[in-house]
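Coordinates from run_21.txt are shown below (compact mmCIF, C-alpha atoms and all ligand atoms).
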# COMPACT_ATOMS: atom_id res chain seq x y z
CA MET A 1 -2.20 33.26 -5.58
CA THR A 2 -3.97 30.43 -7.38
CA THR A 3 -2.00 28.30 -9.82
CA PRO A 4 -2.78 29.22 -13.42
CA ALA A 5 -4.44 26.47 -15.43
CA ILE A 6 -1.72 26.44 -18.08
CA ALA A 7 2.06 26.73 -17.91
CA ILE A 8 3.92 27.54 -21.10
CA VAL A 9 7.62 26.74 -21.05
CA GLY A 10 9.46 28.96 -23.53
CA GLY A 11 8.76 32.53 -24.55
CA GLY A 12 9.70 32.27 -28.22
CA PRO A 13 7.27 32.97 -31.08
CA CYS A 14 5.32 29.81 -30.28
CA GLY A 15 4.98 30.27 -26.52
CA LEU A 16 4.20 33.98 -26.70
CA THR A 17 1.62 33.54 -29.47
CA LEU A 18 -0.13 30.92 -27.36
CA ALA A 19 0.06 33.20 -24.33
CA ARG A 20 -1.50 36.08 -26.23
CA LEU A 21 -4.28 33.87 -27.63
CA LEU A 22 -5.11 32.56 -24.14
CA GLU A 23 -5.00 36.12 -22.84
CA CYS A 24 -7.59 37.12 -25.43
CA LYS A 25 -9.86 34.29 -24.32
CA GLY A 26 -9.48 34.95 -20.59
CA ILE A 27 -7.76 31.64 -19.84
CA ASP A 28 -5.19 31.88 -17.07
CA TYR A 29 -1.59 30.94 -17.88
CA VAL A 30 2.01 31.66 -17.00
CA VAL A 31 5.09 31.66 -19.26
CA PHE A 32 8.45 30.41 -17.97
CA GLU A 33 11.33 31.75 -20.05
CA ARG A 34 15.05 31.13 -19.56
CA ASP A 35 16.13 34.59 -20.79
CA GLU A 36 16.77 36.97 -17.93
CA SER A 37 14.66 39.77 -19.41
CA ASP A 38 12.89 41.02 -22.51
CA THR A 39 16.07 42.81 -23.53
CA SER A 40 18.06 39.60 -24.06
CA ASN A 41 18.73 39.65 -27.77
CA ARG A 42 20.31 36.24 -27.82
CA VAL A 43 18.73 35.29 -31.11
CA GLY A 44 18.09 37.69 -33.95
CA GLY A 45 17.58 37.25 -37.65
CA SER A 46 14.68 37.93 -39.94
CA LEU A 47 11.60 35.74 -40.35
CA ASP A 48 9.09 35.71 -43.20
CA ILE A 49 5.56 35.50 -41.83
CA HIS A 50 3.15 33.78 -44.19
CA GLY A 51 -0.38 35.00 -44.90
CA ASP A 52 -2.30 31.84 -44.10
CA THR A 53 -0.25 30.63 -41.11
CA GLY A 54 1.88 33.06 -39.08
CA GLN A 55 -0.18 36.08 -40.09
CA GLU A 56 -3.42 34.21 -39.41
CA ALA A 57 -2.26 33.51 -35.86
CA LEU A 58 -1.48 37.22 -35.42
CA ARG A 59 -4.85 38.13 -36.90
CA GLN A 60 -6.65 35.90 -34.40
CA ALA A 61 -4.49 37.37 -31.66
CA GLY A 62 -5.62 40.87 -32.62
CA LEU A 63 -2.09 41.89 -33.54
CA ILE A 64 -2.06 42.01 -37.34
CA GLU A 65 -2.17 45.80 -37.52
CA GLU A 66 0.70 46.08 -35.06
CA PHE A 67 2.61 43.49 -37.13
CA LYS A 68 2.10 45.53 -40.30
CA LYS A 69 3.89 48.49 -38.71
CA TYR A 70 7.11 46.48 -38.62
CA ALA A 71 6.60 44.05 -41.50
CA ARG A 72 8.93 44.62 -44.45
CA TYR A 73 6.91 44.00 -47.58
CA ASP A 74 9.82 45.06 -49.86
CA ASP A 75 12.07 42.40 -48.40
CA THR A 76 10.27 39.41 -49.89
CA ALA A 77 12.51 39.53 -52.99
CA PHE A 78 14.59 36.41 -53.53
CA VAL A 79 17.59 36.13 -55.84
CA LEU A 80 19.32 32.87 -56.69
CA THR A 81 22.91 32.76 -58.00
CA ASP A 82 25.55 30.15 -58.58
CA LYS A 83 28.92 30.16 -56.84
CA ASP A 84 30.35 32.44 -59.52
CA GLY A 85 27.74 35.07 -58.68
CA LYS A 86 25.78 34.54 -61.90
CA ARG A 87 22.15 35.54 -61.30
CA LEU A 88 19.81 32.71 -62.23
CA LEU A 89 16.48 33.86 -60.92
CA GLN A 90 14.73 36.71 -59.22
CA MET A 91 11.34 36.10 -57.68
CA GLY A 92 9.15 36.71 -54.68
CA GLU A 93 8.53 40.45 -54.93
CA GLY A 94 5.08 41.18 -53.52
CA ARG A 95 4.75 37.72 -51.96
CA ASP A 96 2.42 37.67 -48.95
CA ALA A 97 5.26 36.74 -46.64
CA PRO A 98 6.73 39.99 -45.32
CA GLU A 99 9.87 39.86 -43.24
CA ILE A 100 10.10 40.95 -39.63
CA ASP A 101 13.03 40.87 -37.24
CA ARG A 102 12.64 38.15 -34.65
CA VAL A 103 13.17 40.69 -31.86
CA ALA A 104 10.42 42.95 -33.28
CA LEU A 105 7.98 40.03 -33.45
CA ARG A 106 8.85 39.07 -29.88
CA GLN A 107 8.27 42.64 -28.72
CA ILE A 108 4.85 42.87 -30.40
CA LEU A 109 3.79 39.72 -28.57
CA LEU A 110 5.33 40.78 -25.25
CA ASP A 111 3.58 44.15 -25.37
CA ALA A 112 0.26 42.31 -25.70
CA ILE A 113 0.71 40.18 -22.58
CA PRO A 114 0.59 41.47 -18.99
CA LYS A 115 4.14 41.67 -17.64
CA GLU A 116 3.37 39.58 -14.57
CA LYS A 117 2.43 36.60 -16.78
CA ILE A 118 6.05 36.09 -17.84
CA ARG A 119 8.58 34.64 -15.43
CA TRP A 120 11.95 35.64 -16.81
CA GLY A 121 15.11 33.86 -15.67
CA HIS A 122 13.30 30.51 -15.40
CA ALA A 123 15.40 28.00 -17.34
CA LEU A 124 13.72 24.63 -17.00
CA THR A 125 16.25 21.96 -16.06
CA SER A 126 13.89 18.99 -15.73
CA ALA A 127 10.26 17.99 -15.75
CA MET A 128 8.71 14.89 -14.22
CA MET A 129 5.24 13.61 -13.50
CA GLY A 130 4.02 14.36 -9.98
CA GLU A 131 1.65 12.41 -7.77
CA ASP A 132 -1.26 14.31 -9.29
CA LYS A 133 -0.19 12.87 -12.69
CA ARG A 134 0.61 16.40 -13.89
CA PRO A 135 4.10 17.76 -14.59
CA VAL A 136 6.38 19.15 -11.91
CA LEU A 137 8.79 21.74 -13.31
CA ARG A 138 12.27 22.36 -11.89
CA PHE A 139 14.23 25.45 -12.79
CA ALA A 140 17.91 26.35 -12.76
CA ASN A 141 17.17 29.18 -10.29
CA GLY A 142 16.22 26.56 -7.68
CA THR A 143 12.45 27.04 -7.86
CA GLU A 144 9.80 24.44 -8.65
CA ALA A 145 6.30 24.78 -10.07
CA SER A 146 3.41 22.30 -10.32
CA GLY A 147 -0.35 21.95 -10.15
CA PHE A 148 -1.06 23.03 -13.73
CA LYS A 149 -3.83 21.36 -15.72
CA LEU A 150 -1.61 21.59 -18.79
CA VAL A 151 2.08 22.24 -19.40
CA VAL A 152 2.96 23.25 -22.96
CA GLY A 153 6.54 22.66 -24.05
CA ALA A 154 7.27 25.59 -26.38
CA ASP A 155 10.93 25.47 -25.42
CA GLY A 156 12.38 24.92 -28.86
CA ALA A 157 14.79 22.39 -30.34
CA TRP A 158 16.20 21.08 -27.06
CA SER A 159 12.90 20.93 -25.22
CA LYS A 160 13.09 19.69 -21.66
CA ILE A 161 9.37 18.86 -21.75
CA ARG A 162 9.64 16.54 -24.77
CA SER A 163 10.94 13.57 -22.77
CA LEU A 164 7.66 13.45 -20.81
CA ILE A 165 5.95 12.46 -24.06
CA THR A 166 8.42 10.82 -26.40
CA LYS A 167 11.92 9.38 -26.62
CA ALA A 168 12.52 11.35 -29.84
CA THR A 169 15.69 13.46 -29.82
CA PRO A 170 17.07 15.81 -32.49
CA GLN A 171 19.48 14.28 -34.97
CA TYR A 172 22.38 16.21 -36.45
CA SER A 173 21.86 17.00 -40.13
CA GLY A 174 25.58 17.24 -40.97
CA LYS A 175 25.11 20.89 -41.87
CA ILE A 176 26.15 24.07 -40.11
CA PHE A 177 25.16 27.65 -40.90
CA ILE A 178 27.83 30.13 -39.85
CA GLU A 179 26.08 33.42 -39.26
CA SER A 180 27.92 36.72 -39.71
CA LYS A 181 27.21 40.40 -40.09
CA ILE A 182 27.96 43.29 -42.43
CA GLY A 183 26.92 46.45 -40.56
CA HIS A 184 26.44 49.99 -41.84
CA GLU A 185 29.94 50.93 -40.74
CA ASN A 186 31.51 48.06 -42.68
CA PRO A 187 33.60 49.17 -45.72
CA LEU A 188 31.71 46.58 -47.81
CA TYR A 189 28.26 47.84 -46.83
CA GLN A 190 27.61 50.20 -49.74
CA THR A 191 28.76 47.66 -52.32
CA LEU A 192 26.71 44.90 -50.72
CA SER A 193 23.56 46.97 -50.42
CA LYS A 194 23.76 47.73 -54.15
CA SER A 195 24.28 44.09 -55.16
CA ALA A 196 22.06 42.35 -52.59
CA GLY A 197 19.40 45.05 -52.17
CA ALA A 198 16.28 44.10 -50.29
CA GLY A 199 15.32 40.58 -49.32
CA MET A 200 17.40 37.46 -49.62
CA LEU A 201 20.18 36.38 -51.95
CA LEU A 202 21.00 32.68 -52.03
CA SER A 203 24.13 31.35 -53.75
CA ILE A 204 24.53 27.63 -54.26
CA GLY A 205 27.71 25.69 -55.01
CA PRO A 206 28.81 22.09 -54.45
CA LYS A 207 28.20 21.18 -50.79
CA LYS A 208 28.16 24.83 -49.76
CA LEU A 209 25.91 27.83 -49.87
CA VAL A 210 25.79 31.49 -48.91
CA VAL A 211 22.66 33.33 -47.78
CA THR A 212 22.66 37.12 -47.59
CA GLN A 213 19.67 38.81 -46.02
CA ARG A 214 18.82 42.42 -45.21
CA GLN A 215 17.57 43.02 -41.67
CA GLY A 216 15.14 45.56 -40.26
CA ASP A 217 17.76 48.21 -39.52
CA GLY A 218 19.35 47.71 -42.95
CA HIS A 219 22.37 45.66 -41.89
CA TYR A 220 23.05 42.35 -43.63
CA ARG A 221 23.26 38.92 -42.10
CA ASN A 222 25.17 36.33 -44.08
CA TYR A 223 25.00 32.62 -43.47
CA PHE A 224 27.79 30.39 -44.79
CA GLY A 225 26.32 26.91 -45.10
CA ILE A 226 28.93 24.16 -44.86
CA LEU A 227 29.14 20.43 -44.23
CA ALA A 228 31.10 19.72 -41.07
CA PRO A 229 31.23 17.36 -38.10
CA GLU A 230 28.78 18.09 -35.29
CA ASP A 231 31.53 19.23 -32.90
CA PHE A 232 33.36 21.35 -35.50
CA PHE A 233 33.08 24.52 -33.43
CA ARG A 234 33.32 22.85 -30.08
CA ASN A 235 36.43 20.72 -30.51
CA GLY A 236 38.84 23.64 -30.56
CA THR A 237 39.64 23.46 -34.29
CA VAL A 238 38.15 26.88 -34.94
CA ASN A 239 37.36 29.66 -32.53
CA LEU A 240 34.53 31.77 -33.95
CA GLY A 241 35.50 34.57 -31.59
CA ASP A 242 38.72 34.89 -33.59
CA THR A 243 37.39 36.78 -36.61
CA GLU A 244 40.58 36.60 -38.69
CA ALA A 245 41.03 32.87 -38.08
CA THR A 246 37.40 32.19 -39.02
CA ARG A 247 37.66 34.24 -42.21
CA SER A 248 40.87 32.38 -43.18
CA MET A 249 39.30 29.01 -42.50
CA LEU A 250 36.25 29.81 -44.64
CA LEU A 251 38.36 31.24 -47.46
CA SER A 252 40.90 28.43 -47.63
CA ASP A 253 38.91 25.35 -46.60
CA PHE A 254 35.47 26.06 -48.02
CA TYR A 255 35.09 28.96 -50.45
CA ALA A 256 38.46 29.05 -52.29
CA ASP A 257 36.86 28.54 -55.71
CA TRP A 258 33.92 30.96 -55.23
CA SER A 259 33.56 34.40 -56.82
CA THR A 260 35.41 37.51 -55.66
CA GLU A 261 32.10 38.96 -54.38
CA HIS A 262 31.53 35.95 -52.14
CA LYS A 263 35.11 36.06 -50.90
CA ASP A 264 34.72 39.77 -50.14
CA LEU A 265 31.72 38.89 -47.97
CA ILE A 266 33.93 36.55 -45.96
CA LYS A 267 36.85 39.00 -45.78
CA HIS A 268 34.57 41.67 -44.27
CA ALA A 269 32.32 39.44 -42.15
CA THR A 270 32.14 40.05 -38.41
CA ASP A 271 30.22 38.63 -35.42
CA PHE A 272 30.49 34.97 -36.37
CA ARG A 273 28.13 32.50 -34.76
CA ALA A 274 27.37 28.85 -35.60
CA TRP A 275 23.94 27.30 -36.10
CA THR A 276 24.33 23.53 -36.03
CA LEU A 277 21.24 22.24 -37.81
CA TYR A 278 19.24 19.42 -36.22
CA THR A 279 15.98 17.71 -37.03
CA LEU A 280 13.52 15.27 -35.59
CA ALA A 281 12.51 12.32 -37.78
CA PRO A 282 9.15 12.04 -39.56
CA GLU A 283 8.53 8.77 -37.66
CA ASP A 284 8.76 10.69 -34.39
CA MET A 285 5.47 12.41 -35.12
CA ASN A 286 3.14 9.80 -33.65
CA TRP A 287 3.34 9.74 -29.88
CA LYS A 288 0.53 8.63 -27.60
CA SER A 289 -1.03 11.64 -25.92
CA VAL A 290 0.07 12.15 -22.32
CA PRO A 291 -2.48 13.86 -20.04
CA GLY A 292 -1.34 17.25 -18.82
CA VAL A 293 1.39 17.79 -21.44
CA ALA A 294 1.59 19.17 -24.97
CA LEU A 295 4.41 20.13 -27.31
CA ALA A 296 4.31 22.94 -29.84
CA GLY A 297 6.62 24.60 -32.34
CA ASP A 298 10.20 23.35 -32.64
CA ALA A 299 9.76 21.33 -29.46
CA ALA A 300 7.15 19.26 -31.32
CA HIS A 301 8.48 19.10 -34.88
CA LEU A 302 11.99 20.51 -35.17
CA ALA A 303 12.99 20.54 -38.83
CA ILE A 304 16.06 21.68 -40.71
CA THR A 305 15.40 25.34 -41.34
CA ASN A 306 13.12 25.65 -44.37
CA GLY A 307 11.29 28.97 -43.96
CA GLU A 308 8.24 27.38 -42.31
CA GLY A 309 9.43 26.89 -38.72
CA VAL A 310 8.11 30.04 -37.13
CA ASN A 311 4.91 29.94 -39.17
CA LEU A 312 4.13 26.41 -38.06
CA ALA A 313 5.04 27.24 -34.48
CA MET A 314 2.47 30.05 -34.50
CA THR A 315 -0.07 27.80 -36.25
CA ASP A 316 0.39 25.21 -33.51
CA SER A 317 -0.36 27.91 -30.95
CA LEU A 318 -3.48 29.00 -32.79
CA ASN A 319 -4.76 25.44 -33.16
CA LEU A 320 -4.01 24.50 -29.58
CA ALA A 321 -5.62 27.65 -28.19
CA THR A 322 -8.69 27.08 -30.37
CA LYS A 323 -9.07 23.52 -29.10
CA ILE A 324 -8.60 24.58 -25.47
CA VAL A 325 -11.33 27.19 -25.86
CA GLN A 326 -13.58 24.66 -27.59
CA TYR A 327 -13.25 21.98 -24.90
CA GLY A 328 -12.63 24.16 -21.86
CA ILE A 329 -9.96 23.64 -19.23
CA GLU A 330 -11.86 20.75 -17.62
CA HIS A 331 -11.44 18.75 -20.82
CA VAL A 332 -8.03 20.05 -21.78
CA ASP A 333 -6.61 16.58 -22.42
CA GLN A 334 -9.23 15.99 -25.09
CA ALA A 335 -8.27 19.33 -26.61
CA VAL A 336 -4.61 18.29 -26.72
CA GLN A 337 -5.45 14.94 -28.35
CA GLU A 338 -7.31 16.65 -31.18
CA TYR A 339 -4.58 19.27 -31.53
CA GLU A 340 -1.93 16.54 -31.80
CA ALA A 341 -3.89 14.62 -34.43
CA GLU A 342 -3.90 17.73 -36.61
CA MET A 343 -0.33 18.74 -35.76
CA PHE A 344 1.37 15.43 -36.64
CA PRO A 345 0.86 15.69 -40.43
CA ARG A 346 2.17 19.29 -40.32
CA GLY A 347 5.19 18.03 -38.43
CA VAL A 348 5.87 15.21 -40.88
CA ALA A 349 5.54 17.58 -43.85
CA THR A 350 7.93 20.22 -42.48
CA ILE A 351 10.54 17.67 -41.41
CA LYS A 352 10.46 16.10 -44.89
CA MET A 353 10.57 19.53 -46.49
CA GLY A 354 13.61 20.45 -44.40
CA HIS A 355 15.48 17.36 -45.63
CA GLN A 356 14.46 17.91 -49.23
CA MET A 357 15.24 21.61 -49.27
CA ILE A 358 18.60 21.37 -47.58
CA GLY A 359 19.48 18.38 -49.76
CA SER A 360 18.90 20.34 -52.94
CA MET A 361 20.52 23.49 -51.50
CA TYR A 362 23.72 21.58 -50.75
CA GLY A 363 23.50 19.55 -53.92
CA GLY A 364 25.53 22.11 -55.86
CA ASP A 365 22.95 22.60 -58.60
CA PRO A 366 20.96 25.83 -58.13
CA LYS A 367 18.43 24.64 -60.72
CA ALA A 368 17.62 21.53 -58.68
CA PHE A 369 16.95 23.77 -55.71
CA LEU A 370 14.71 25.94 -57.81
CA ASP A 371 12.71 22.90 -58.91
CA ALA A 372 12.31 21.85 -55.28
CA LEU A 373 11.06 25.32 -54.39
CA MET A 374 8.52 25.23 -57.19
CA ALA A 375 7.41 21.74 -56.16
CA GLU A 376 6.63 23.17 -52.71
CA GLY A 377 4.36 25.73 -54.30
CA ALA A 378 6.67 28.73 -54.69
CA GLN A 379 5.67 30.88 -57.61
CA GLU A 380 7.78 33.11 -59.75
CA VAL A 381 6.39 36.64 -59.47
C1 LIG A 401 19.72 29.93 -38.56
C2 LIG A 401 18.24 29.76 -38.54
C3 LIG A 401 17.44 30.50 -39.39
C4 LIG A 401 16.06 30.34 -39.39
N1 LIG A 401 15.32 31.06 -40.24
C5 LIG A 401 13.98 30.88 -40.29
C6 LIG A 401 13.16 31.61 -41.19
O1 LIG A 401 13.65 32.44 -41.96
N2 LIG A 401 11.82 31.37 -41.19
C7 LIG A 401 11.25 30.48 -40.33
O2 LIG A 401 10.03 30.28 -40.36
N3 LIG A 401 11.98 29.79 -39.45
C8 LIG A 401 13.33 29.96 -39.41
N4 LIG A 401 14.07 29.24 -38.53
C9 LIG A 401 13.39 28.32 -37.62
C10 LIG A 401 12.71 29.11 -36.51
O3 LIG A 401 13.68 29.88 -35.84
C11 LIG A 401 12.01 28.18 -35.52
O4 LIG A 401 11.24 27.23 -36.19
C12 LIG A 401 11.10 28.98 -34.58
O5 LIG A 401 11.85 29.95 -33.88
C13 LIG A 401 10.40 28.06 -33.60
O6 LIG A 401 9.76 28.82 -32.61
P1 LIG A 401 9.60 28.22 -31.15
O7 LIG A 401 8.96 29.30 -30.35
O8 LIG A 401 8.96 26.88 -31.25
O9 LIG A 401 11.08 27.94 -30.64
P2 LIG A 401 12.24 28.98 -30.33
O10 LIG A 401 12.22 30.13 -31.25
O11 LIG A 401 13.49 28.18 -30.25
O12 LIG A 401 11.88 29.54 -28.88
C14 LIG A 401 12.03 28.74 -27.75
C15 LIG A 401 11.99 29.64 -26.52
O13 LIG A 401 12.10 28.82 -25.37
C16 LIG A 401 13.14 29.30 -24.54
N5 LIG A 401 13.72 28.13 -23.87
C17 LIG A 401 14.50 27.18 -24.43
N6 LIG A 401 14.85 26.27 -23.52
C18 LIG A 401 14.26 26.66 -22.37
C19 LIG A 401 14.26 26.12 -21.06
N7 LIG A 401 14.93 25.00 -20.75
N8 LIG A 401 13.56 26.74 -20.08
C20 LIG A 401 12.87 27.89 -20.38
N9 LIG A 401 12.85 28.47 -21.60
C21 LIG A 401 13.55 27.84 -22.57
C22 LIG A 401 14.10 30.01 -25.45
O14 LIG A 401 14.90 30.97 -24.77
C23 LIG A 401 13.14 30.65 -26.45
O15 LIG A 401 12.68 31.89 -26.02
C24 LIG A 401 15.46 29.40 -38.50
C25 LIG A 401 16.25 28.65 -37.63
C26 LIG A 401 17.62 28.83 -37.65
C27 LIG A 401 18.46 28.01 -36.71

Show me, as structure tokens, the structure contained in the file I just sent.
Amino acid sequence: MTTPAIAIVGGGPCGLTLARLLECKGIDYVVFERDESDTSNRVGGSLDIHGDTGQEALRQAGLIEEFKKYARYDDTAFVLTDKDGKRLLQMGEGRDAPEIDRVALRQILLDAIPKEKIRWGHALTSAMMGEDKRPVLRFANGTEASGFKLVVGADGAWSKIRSLITKATPQYSGKIFIESKIGHENPLYQTLSKSAGAGMLLSIGPKKLVVTQRQGDGHYRNYFGILAPEDFFRNGTVNLGDTEATRSMLLSDFYADWSTEHKDLIKHATDFRAWTLYTLAPEDMNWKSVPGVALAGDAAHLAITNGEGVNLAMTDSLNLATKIVQYGIEHVDQAVQEYEAEMFPRGVATIKMGHQMIGSMYGGDPKAFLDALMAEGAQEV
């Protein structure tokens, strides 16, 4: 077997979009993914896919019609409340940013790529430059791979490829989202589905927030946004596996003065999981291009979650694939240089947006958040 020209590390939205785009153009590649199989549902959640970015990548990948089968156009509604549950704004209905479950998006992309192009169970442990001045990849399963013309790090926030290019490392934002679930069987489900309905409900109070979002199968995911030390869930203070203890901690230490509806959400929440939010710095977006290596998606420009992450990741893939096709594999380093020059400003903008958005979300004043949203171009529908 000949070595494919391109290795993509990471089979998330970024890596799989790039794989599909290369597939369409007949450029050989392989994807190394740490998950053991396509049934690993380690990460779920709903993502809004924007018309001019994420959807455009799917359009170019020939997958927009497939996407539309799963896209939830009713779920673009957005409601803003204060901590007392007072509704301040409803907007977003009909916005060209339909929601799709992350697992559904992944499946659409996987179904469009030959199975043999994905190497499951390949968690990259390290990457170094070989004698041929191209990366050598080492995996946790004991295997090694090399000889690629280009290795693309699409391996997310904690990219193992990034250190080949830059010293930049993610910085802790001071904020944690505690994810939880209200399923159909939950006694609160009927009440919640009437009050939250379709789409997303965001409640803002001083230094805290609650996000409630309907998922593809109708269940609700709730995120409790708190300020806490980086090791809050690792230092033994709270065990998220202990549902009662986690509920008590949230009720007494964080949400004691919130509305009854918000407290009910906590009292009925199950399946807790913590998302510790990290970001790269805007100044990190200016590395000198390294032949044979590129970064894309969160690996390139991790930002505090701001609703753009997946869209920019897919845009990176589209831009990088377009440049590779334009220059050809023999001049792939030139393609990467041009891709990077266009990607850096996107990276700076999303990192700044993440800081600004999360700052106003945690600021305690829902109106300030609303102003920030509008400043970013959101329009009341
Ligand atoms: C709580 C939360 C909510 C979010 N909500 C939204 C939202 O609503 N809208 C939005 O646009 N963005 C959202 N984001 C951000 C979004 O998830 C990311 O920006 C997006 O997933 C980036 O895609 P990616 O493919 O670059 O990285 P990832 O989605 O992180 O995918 C990386 C892939 O690489 C694999 N991988 C990682 N390490 C290795 C390794 N060492 N070896 C091999 N494979 C590896 C992973 O298993 C994964 O498949 C959210 C983020 C969080 C934390």

Residues near A:Ala296, cut-off 8 Å, only C-alpha atoms, skip fewer than 5 positions along chain, as a PyMOL selection string: chain A and resi 14+152-154+301+313+316-317

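Considering the residues A:Glu230, A:Glu179, A:Asp96, A:Glu144 and counting only C-alpha atoms and all ligand atoms, ligand LIG 401 (chain A) has its shortest atom-to-atom contact with A:Glu179.
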
Could you list, with a cut-off of 12 Å and counting all atoms listed in the file, the residues of stretch 11-69 of chain A near stretch 212-223 of chain A, each shown with its nearest atom pair and the distance in Å rounded to one decimal, rows sorted by chain and ascending number, as a tab-separated table?
residue	atom	partner	partner_atom	distance
A:Gly44	CA	A:Gln215	CA	9.4
A:Gly45	CA	A:Gln215	CA	7.0
A:Ser46	CA	A:Gln215	CA	6.1
A:Leu47	CA	A:Gln215	CA	9.5
A:Asp48	CA	A:Gln215	CA	11.3
A:Lys69	CA	A:Gly216	CA	11.7

Using all atoms listed in the file for the distances, tell me which of A:Leu58, A:Leu137, A:Ala300, A:Leu22 is nearest to A:Arg106. A:Leu58

Residue among A:Arg20, A:Arg59, A:Arg102, A:Lys68 lying closest to ligand LIG 401 (chain A), counting all atoms listed in the file: A:Arg102

How many Å separate atom C1 of ligand LIG 401 (chain A) from atom CA of A:Val43?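 About the pair atom C1 of ligand LIG 401 (chain A) and atom CA of A:Val43: they are 9.2 Å apart.
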
Counting all atoms listed in the file, give me one row per residue of chain A with an atom at most 6 Å from an atom of ligand LIG 401 (chain A), showing the shortest contact pair and its distance in Å to one decimal, sorted by chain then residue number, as JSON lines.
{"residue": "A:Val9", "atom": "CA", "partner": "A:LIG401", "partner_atom": "C20", "distance": 5.4}
{"residue": "A:Gly10", "atom": "CA", "partner": "A:LIG401", "partner_atom": "O13", "distance": 3.2}
{"residue": "A:Gly11", "atom": "CA", "partner": "A:LIG401", "partner_atom": "O15", "distance": 4.2}
{"residue": "A:Gly12", "atom": "CA", "partner": "A:LIG401", "partner_atom": "O12", "distance": 3.6}
{"residue": "A:Pro13", "atom": "CA", "partner": "A:LIG401", "partner_atom": "O7", "distance": 4.1}
{"residue": "A:Cys14", "atom": "CA", "partner": "A:LIG401", "partner_atom": "O7", "distance": 3.7}
{"residue": "A:Gly15", "atom": "CA", "partner": "A:LIG401", "partner_atom": "O7", "distance": 5.6}
{"residue": "A:Phe32", "atom": "CA", "partner": "A:LIG401", "partner_atom": "C20", "distance": 5.6}
{"residue": "A:Glu33", "atom": "CA", "partner": "A:LIG401", "partner_atom": "N9", "distance": 3.9}
{"residue": "A:Arg34", "atom": "CA", "partner": "A:LIG401", "partner_atom": "C20", "distance": 4.0}
{"residue": "A:Asp35", "atom": "CA", "partner": "A:LIG401", "partner_atom": "O14", "distance": 5.5}
{"residue": "A:Ser46", "atom": "CA", "partner": "A:LIG401", "partner_atom": "O1", "distance": 5.9}
{"residue": "A:Leu47", "atom": "CA", "partner": "A:LIG401", "partner_atom": "O1", "distance": 4.2}
{"residue": "A:Asp48", "atom": "CA", "partner": "A:LIG401", "partner_atom": "N2", "distance": 5.5}
{"residue": "A:His122", "atom": "CA", "partner": "A:LIG401", "partner_atom": "C20", "distance": 5.6}
{"residue": "A:Ala123", "atom": "CA", "partner": "A:LIG401", "partner_atom": "N8", "distance": 3.5}
{"residue": "A:Leu124", "atom": "CA", "partner": "A:LIG401", "partner_atom": "N8", "distance": 3.7}
{"residue": "A:Thr125", "atom": "CA", "partner": "A:LIG401", "partner_atom": "N7", "distance": 5.7}
{"residue": "A:Ala154", "atom": "CA", "partner": "A:LIG401", "partner_atom": "O8", "distance": 5.3}
{"residue": "A:Asp155", "atom": "CA", "partner": "A:LIG401", "partner_atom": "O13", "distance": 3.5}
{"residue": "A:Gly156", "atom": "CA", "partner": "A:LIG401", "partner_atom": "O11", "distance": 3.7}
{"residue": "A:Ala157", "atom": "CA", "partner": "A:LIG401", "partner_atom": "O11", "distance": 5.9}
{"residue": "A:Ser159", "atom": "CA", "partner": "A:LIG401", "partner_atom": "N6", "distance": 5.9}
{"residue": "A:Lys160", "atom": "CA", "partner": "A:LIG401", "partner_atom": "N7", "distance": 5.7}
{"residue": "A:Trp275", "atom": "CA", "partner": "A:LIG401", "partner_atom": "C1", "distance": 5.5}
{"residue": "A:Gly297", "atom": "CA", "partner": "A:LIG401", "partner_atom": "O8", "distance": 3.4}
{"residue": "A:Asp298", "atom": "CA", "partner": "A:LIG401", "partner_atom": "O8", "distance": 4.0}
{"residue": "A:Ala299", "atom": "CA", "partner": "A:LIG401", "partner_atom": "O8", "distance": 5.9}
{"residue": "A:Thr305", "atom": "CA", "partner": "A:LIG401", "partner_atom": "C24", "distance": 5.0}
{"residue": "A:Gly307", "atom": "CA", "partner": "A:LIG401", "partner_atom": "N2", "distance": 3.7}
{"residue": "A:Glu308", "atom": "CA", "partner": "A:LIG401", "partner_atom": "O2", "distance": 3.9}
{"residue": "A:Gly309", "atom": "CA", "partner": "A:LIG401", "partner_atom": "O4", "distance": 3.1}
{"residue": "A:Val310", "atom": "CA", "partner": "A:LIG401", "partner_atom": "O2", "distance": 3.8}
{"residue": "A:Asn311", "atom": "CA", "partner": "A:LIG401", "partner_atom": "O2", "distance": 5.3}
{"residue": "A:Ala313", "atom": "CA", "partner": "A:LIG401", "partner_atom": "O8", "distance": 5.1}

For A:Val290, which of A:Asp271, A:Glu131, A:Glu340, A:Glu36 is the closest residue, counting all atoms listed in the file?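 Smallest distance to A:Val290 is found for A:Glu340.
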
Find the distance between atom CA of A:Leu320 and atom CA of A:Tyr339 and write it in Å to one decimal. 5.6 Å

Selected residue, from A:Asp28, A:Glu338, A:Asp75, A:Asp284, that lies nearest to A:Ile8 when counting all atoms listed in the file: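 The closest residue to A:Ile8 is A:Asp28.
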
Between atom CA of A:Ile178 and atom CA of A:Arg95, what distance in Å does the model show, to one decimal? 27.1 Å

Which neighbours of stretch 239-252 of chain A fall inside 10 Å, counting all atoms listed in the file, when residues of the same chain fewer than 3 positions from it are skipped, and could you give them as a list in words?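 Final neighbour list, sorted by chain and number: Ile178, Ser180, Phe224, Ile226, Phe232, Phe233, Arg234, Asn235, Gly236, Tyr255, Ala256, Asp257, Trp258, His262, Lys263, Asp264, Leu265, Ile266, Lys267, His268, Ala269, Thr270, Asp271, Phe272, Arg273 and Ala274 of chain A.
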